[in-house]
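For reference, the structure is listed below as structure tokens.
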Amino acid sequence: MFTGIDIGGTNTDVAVIDSQISTYKVPNGEGLDHALMKTSKTGRLAVSTSQPLNEIITGPPVDIHTITIPGPGLVYAGAVKGAVSHRGDIVEPINPDEIYQLMRGQHARAIAIAGKFSVRNDIQEKQVYDIVSQFYSDEQIAISSPLGGLNFPARIHTTRYNARIKGKVSSLIKQIKKVNPDFYFVTSTGGLISSDRALENPMLLFHSSPATVATGAYYLSKIDDCLVVDIGGTTTELVPVQAGKPIFETVILDGSKTMIQAVSATSIPYGGDSCIRDGLCSFRVGCSRAFGGGEPTLTDALNVLGARIGQATRSDVLDRMTAQHVVQQYVDAVSHAIEKYHPSVLVGTGYLAHYLLSDLAERIKTTGVVPEHAASANAVGAAVSKLSLEVHVHVDTERKRLTLNGMAYPYKDMQDEEHLLTYVTELVRDIARRERAPEEDIEDVQIRLFSSYDVVRGWRVTAKITDMVLAIAPGISVEAL
Amino acid sequence: MTCGIVYAPSYLTHEQSSSHPERRERLSYTLDQLVEEGIFDLPQIKLLTPKPATRDDVLLVHTPAYLKFLEEASIHGGIIDADTYVPKGLIHDALLAVGGAITAADAVLNQEVKNSFVLARPPGHHAGRSQGAGFCYLNNVAIMVRHLQRRGLRRIMILDWDAHHGNGTEEIFYDDPSVLFCSVHQYPFYPGSGRYEDIGVGEGKGYNINLPIPAGSSDNVYRYLLEEIIIPLADEYMPDAIAISAGQDNHFTDPLTGLALTARGYAGLMQEMCILADSICYGRIIAVLEGGYSVEGGLPYTNLGLIAAMAGLDLSAIREPDIYRDTLQKAVSDDAFPKVIAMVSELKKKLVEHWYFIRRYDFG
């Protein structure tokens, strides 16, 4: 049995998939615990939490103190002594007194720690972490090495966000673990991760909704190439799907690159709860009148035009002319954005898809499909996803060093690249196995990068250095097919 | 200011043999450093993709017979000298290195970028008109300079600060006053040429400046040469662009040479050249990688320092890790500076009739 939960802006969607699919919508006002009660105690639970995290990430700035260990190179704020080389050697030690001094009288809400080349050797980050943890709790400290890839400024930026949301993620974990101790989170690429891995890099949970929608829409419609139009309470999201998979792009926040990949989507600030004042507004004030709110919204306009959503009679404060005008305004705005994708098929999801998708499809003269359970396609997507993993591997035969995302693993001398690849692939599978992924889902380990060169000293090849990026790609779990 | 970096993964493919010092590993750590510093995400940096040079480009400098030799040797492999083999398929890599320099020059002339740095391999400054040598096949900088002139620039200054004398480039422009060639190099050393007495011939007399310096020369020597010779030369010559043969084997950790420049020294040198170029030629600098064999302790820090200087970034943390401090102390020689002062005074005597900035203070 698979259960998926997606916490949206208005409702929390729950999908339970057994021999059949059952979906529920729980208003956010009733709290996450209420939604968790709908889930099954047995089987797998996957939770997509992008909404509460997005609120923190896009909300007012929080005082985060950043400690950087840059060593030689460009200039970075918050620098302390210490340096790791490109090969992962400690070339300058940290000065513990400097860190103690920084921490005394420190009033920041959370601490971000990032060392240059920490993804080749995470020891110095951990040394600083040990000192900082004498002043702050684990939930207030984030380090950069689990992010895996090279790009120090992007790791600093991401680690700052991780420090900011780690506390929230940790409290969500405690809350959900009461119901299902072995649950998974859904990431921004639509893969599942264990709660332990989520705590190492909480930003992986950012913006997971478009990913769940894309997976859910494909699972329910089985249409390989389409544009998913997800009409929610707060926004309408357009998510292109090619060959059954969404498109990924690097997340940019505050104008700077992060280490996070997310599903490419266009967000239009109109949804079922968008207010109607002088026309349709790009914001919401609580719920629709049909769901007990005070101001008329797009949902109420649809009710006036004949839909029966919620308490439809409460929508009657709107006249028919205004309602028609507002729906028209919505269709204009969204179809304009859809046209840029030149889609061959539109797949509608979200609770208003049944009412609005045909108008949108007609406007841009294409086919529109609203599959069964489309209203909770996001939760369905979360339920059927499989575990995913991306690991940056660095192997140095001279130093006898093997690191996976900065963490040292047992090194073994290998005859050739093929043996090395087999060994490392099995290490990656082991990580997935520890997170209870079924064997069928981890059979295919993708090689996203393989780069290897000889170390030459004194006209002699003395060692070999190999960099790899291996991944178990997100997708639909074999067990759910 | 925008600095263009010309680089393509193909610049890693050229290898004469698996253990040759001019090898792929030379750029690997540099790239790690640049990627880790997020260089390619900075608004001050633009990554440029090299286009291969054409035969016509090569023939601006090299003889048809030599080009034909390289093309033929690239089919089955060949040999130029004890250090310079022609591996199979070389001509593609060599043309891409030349093409990188031309791509950089075009980007500067078209004002896409203010200056640019070419991270190309194989290097080129030992290659003369009709022969390769010292790990070099085609003279990337010389061909690029002729390309600039083909596009309408009249005078170009070449500063070659590789630890080895740029004998190939010297040979190509020895009689040509439209190219001011200035080489700072360890002497006596490979390839043996580069005496300060060699100042050019015919119309090119006075336009070939060699600054031979002894082993152990460090940052202060380079700064002295910059202030005493290189900057006044450029101010008087007023070039339309400056090409730099940016060899990085004068770093104090380099295993093949005996000079003692630091990463900060390199960055400072480039910063001065950028200020100079701003004042005389709209900031046009095209720097092309030549040698440099200290792959771990040198190249990542010197390459980053040069790029940071060209992009106008803060240079205050450009340095080597502390573990190399003893190596630096051993590499620097106190005897070097006085010898260089003596050399400069002799050089000035040779050049006095060609350059006003020397005559100006010559009251005798």
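Letters for chains follow the order of the structure tokens (A, B, ...), residue numbers begin at 1 for each chain, and ligand numbers begin at 1 in the order shown.
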Helix (DSSP H, G or I) per DSSP on the backbone: members of region 103-187 of chain B, as a list in words: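 The residues of region 103-187 of chain B classed as helix (DSSP H, G or I) are Thr103, Ala104, Ala105, Asp106, Ala107, Val108, Leu109, Asn140, Val141, Ala142, Ile143, Met144, Val145, Arg146, His147, Leu148, Gln149, Arg150, Asn167, Gly168, Thr169, Glu170, Glu171, Ile172 and Phe173 of chain B.
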Report the residues of region 106-313 of chain B whose backbone DSSP state falls under strand (DSSP E), written as a VMD selection string. chain B and resid 115 to 118 156 to 160 179 to 186 208 to 213 241 to 246 285 to 289
Find the residues of chain B in contact range of chain A, meaning any atom within 10 Å when counting only C-alpha atoms, and list them as a ChimeraX atom specification. /B:12,17-26,28-42,255-256,263,294-297,300-302,304-305,308,313-324
Name the residues in contact with Gln140 (chain A) at a cut-off of 7 Å, using only C-alpha atoms, excluding same-chain residues fewer than 6 positions from it; report them as a ChimeraX atom specification. /A:110-111,163,166-167
Atomic separation - CA of Met259 (chain A) relative to CA of Thr158 (chain A), Å: 6.2 Å
For Arg55 (chain B), which of B:Leu138, B:Ala267, B:Arg359, B:Ser116 is the closest residue, counting only C-alpha atoms?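 Going through B:Leu138, B:Ala267, B:Arg359, B:Ser116 one by one, the smallest distance to Arg55 (chain B) is for B:Leu138.
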Tell me which protein, DNA and RNA residues are within 12 Å of region 370-375 of chain A, counting only C-alpha atoms, leaving out same-chain ones fewer than 3 positions away, and put them as JSON, numbers by chain. {"A": [6, 11, 12, 13, 14, 15, 16, 17, 20, 21, 22, 23, 24, 25, 213, 214, 215, 216, 217, 218, 219, 220, 221, 222, 223, 227, 228, 229, 230, 231, 232, 233, 345, 346, 347, 348, 349, 350, 351, 352, 353, 354, 355, 356, 357, 358, 361, 367, 378, 379, 380, 381]}
Counting only C-alpha atoms, the residue of B:Glu228, B:Thr2, B:Leu96, B:Leu159 that sits nearest Gly283 (chain B):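 Between B:Glu228, B:Thr2, B:Leu96, B:Leu159, the residue approaching Gly283 (chain B) most closely is B:Thr2.
Shell of Pro146 (chain A) at 8 Å, with only C-alpha atoms counted and residues fewer than 6 places along the chain excluded, is Val119, Glu200, Asn201, Asn405, Gly406 and Met407 of chain A.
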Minimum-distance residue to Gly291 (chain B), chosen among B:Thr257, B:Ser333, B:Ser183, B:Ser10 (using only C-alpha atoms):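 Answer, going by the shortest atom-to-atom distance: B:Thr257.
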